[in-house]
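Step one of this worksheet: look at the structure below.
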Amino acid sequence: MANVSPTRGDITSHPDVSEMRARYARMLGGRDVALVDGPVFLLGLYCAVSPWILHYTTSQPALVTHNLIVGIAIGLLGLGFTRAPERMYGLSWAFCAMGVWMIIAPWVVGDSPDAGVALNNIIIGALALILGLMCAGTAARSTPKP
């Protein structure tokens, strides 16, 4: 009969413990900002649909197209951060630039936006800037120093 007692032996005596630790470290490598990936994707989704949520599709048609395209780009960055973080966190600074652009876009792309439209883009841009700085800071910390 097999021993099915609830107590288990210590894994430190396992012959492959060093290989298992190395594999576990490789698997988790680059996932320091895993909690940022979801909010980045959701921010992109909100940015893409915000013209219809706030009902400015007729008053700001150029800004509608702009927010849709930038929202899709932010969402794709969020998916990229999730799928291949070690390769994508270099784009964190581009994400910061997108945040700054979202802040000024109502006056550059739009046609004399009202306060609600401007505030919406300022909030989206500020959140993108903050999340981008968080990603960039973590990427800078996790890159090996020469």
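Residue numbering restarts at 1 in every chain; chains get A, B, ... in the order shown in the structure tokens, and ligands count up from 1 in that same order.
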Find the residues near Asn120 of chain A: any atom within 9 Å, counting only C-alpha atoms, skip ones fewer than 6 places away on the same chain, and give them as an mmCIF file with all heavy atoms, in the first residue's frame.
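Full text of part06.cif as output:
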```
data_model
loop_
_atom_site.group_PDB
_atom_site.id
_atom_site.type_symbol
_atom_site.label_atom_id
_atom_site.label_comp_id
_atom_site.auth_asym_id
_atom_site.auth_seq_id
_atom_site.Cartn_x
_atom_site.Cartn_y
_atom_site.Cartn_z
ATOM 1 N N CYS A 47 -10.740 54.288 -23.264
ATOM 2 C CA CYS A 47 -10.381 55.380 -24.172
ATOM 3 C C CYS A 47 -11.053 55.178 -25.531
ATOM 4 O O CYS A 47 -11.541 56.130 -26.138
ATOM 5 C CB CYS A 47 -8.871 55.453 -24.327
ATOM 6 S SG CYS A 47 -8.291 56.759 -25.421
ATOM 7 N N SER A 50 -14.949 55.766 -24.992
ATOM 8 C CA SER A 50 -15.378 56.958 -24.250
ATOM 9 C C SER A 50 -16.186 57.959 -25.076
ATOM 10 O O SER A 50 -17.088 58.597 -24.522
ATOM 11 C CB SER A 50 -14.185 57.645 -23.596
ATOM 12 O OG SER A 50 -13.299 58.162 -24.567
ATOM 13 N N LEU A 54 -19.652 59.167 -23.348
ATOM 14 C CA LEU A 54 -19.889 60.573 -23.002
ATOM 15 C C LEU A 54 -20.686 61.330 -24.068
ATOM 16 O O LEU A 54 -20.914 62.526 -23.914
ATOM 17 C CB LEU A 54 -18.553 61.277 -22.757
ATOM 18 C CG LEU A 54 -17.729 60.716 -21.604
ATOM 19 C CD1 LEU A 54 -16.416 61.450 -21.490
ATOM 20 C CD2 LEU A 54 -18.490 60.792 -20.299
ATOM 21 N N ILE A 103 -3.475 64.177 -23.142
ATOM 22 C CA ILE A 103 -3.795 65.379 -22.370
ATOM 23 C C ILE A 103 -3.972 66.589 -23.282
ATOM 24 O O ILE A 103 -4.891 67.394 -23.085
ATOM 25 C CB ILE A 103 -2.709 65.633 -21.295
ATOM 26 C CG1 ILE A 103 -2.772 64.526 -20.225
ATOM 27 C CG2 ILE A 103 -2.871 67.005 -20.665
ATOM 28 C CD1 ILE A 103 -1.635 64.550 -19.234
#
```
Contact check, segment 8-115 of chain A to segment 128-133 of chain A, at most 6 Å, counting only C-alpha atoms, closest pairs as JSON lines:
```
{"residue": "A:Ser92", "atom": "CA", "partner": "A:Gly132", "partner_atom": "CA", "distance": 5.1}
{"residue": "A:Phe95", "atom": "CA", "partner": "A:Gly132", "partner_atom": "CA", "distance": 5.3}
{"residue": "A:Cys96", "atom": "CA", "partner": "A:Leu129", "partner_atom": "CA", "distance": 4.5}
{"residue": "A:Gly99", "atom": "CA", "partner": "A:Leu129", "partner_atom": "CA", "distance": 4.6}
```
From the DSSP assignment of the backbone, select every residue of segment 96-129 of chain A that is alpha helix (DSSP H), and format the answer as a ChimeraX atom specification.
/A:96-108,115-129
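If you measure from each of A:Met102, A:Val109, A:Ile74, A:Met88 to Pro39 of chain A using only C-alpha atoms, the closest one turns out to be A:Ile74.
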Neighbouring residues of Asp37 of chain A were defined as those with any atom within 12 Å, considering only C-alpha atoms; residues of the same chain fewer than 4 positions away were excluded. Please report them as JSON, numbers by chain.
{"A": [31, 32, 33, 41, 42, 43, 44, 74, 75, 76, 77, 78, 79, 80, 81, 82, 83, 84, 85, 88, 89, 92, 128, 131, 132, 134, 135]}
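With atom CA of Val70 of chain A on one side and atom CA of Ala48 of chain A on the other, the separation reads 7.0 Å.
If only C-alpha atoms are the atoms counted, then among A:Asn67, A:Ser18, A:Thr138, A:Thr12 the closest residue to Val49 of chain A is A:Asn67.
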For His55 of chain A, work out the shell of residues within 12 Å, counting only C-alpha atoms and skipping chain neighbours fewer than 3 positions away, then give it as a count of residues only.
14
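Take atom CA of Val36 of chain A and atom CA of Trp101 of chain A: the distance between them is 20.2 Å.
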For a test of reading the model, state the distance in Å between atom CA of Ile104 of chain A and atom CA of Ala139 of chain A, rounded to one decimal.
26.5 Å
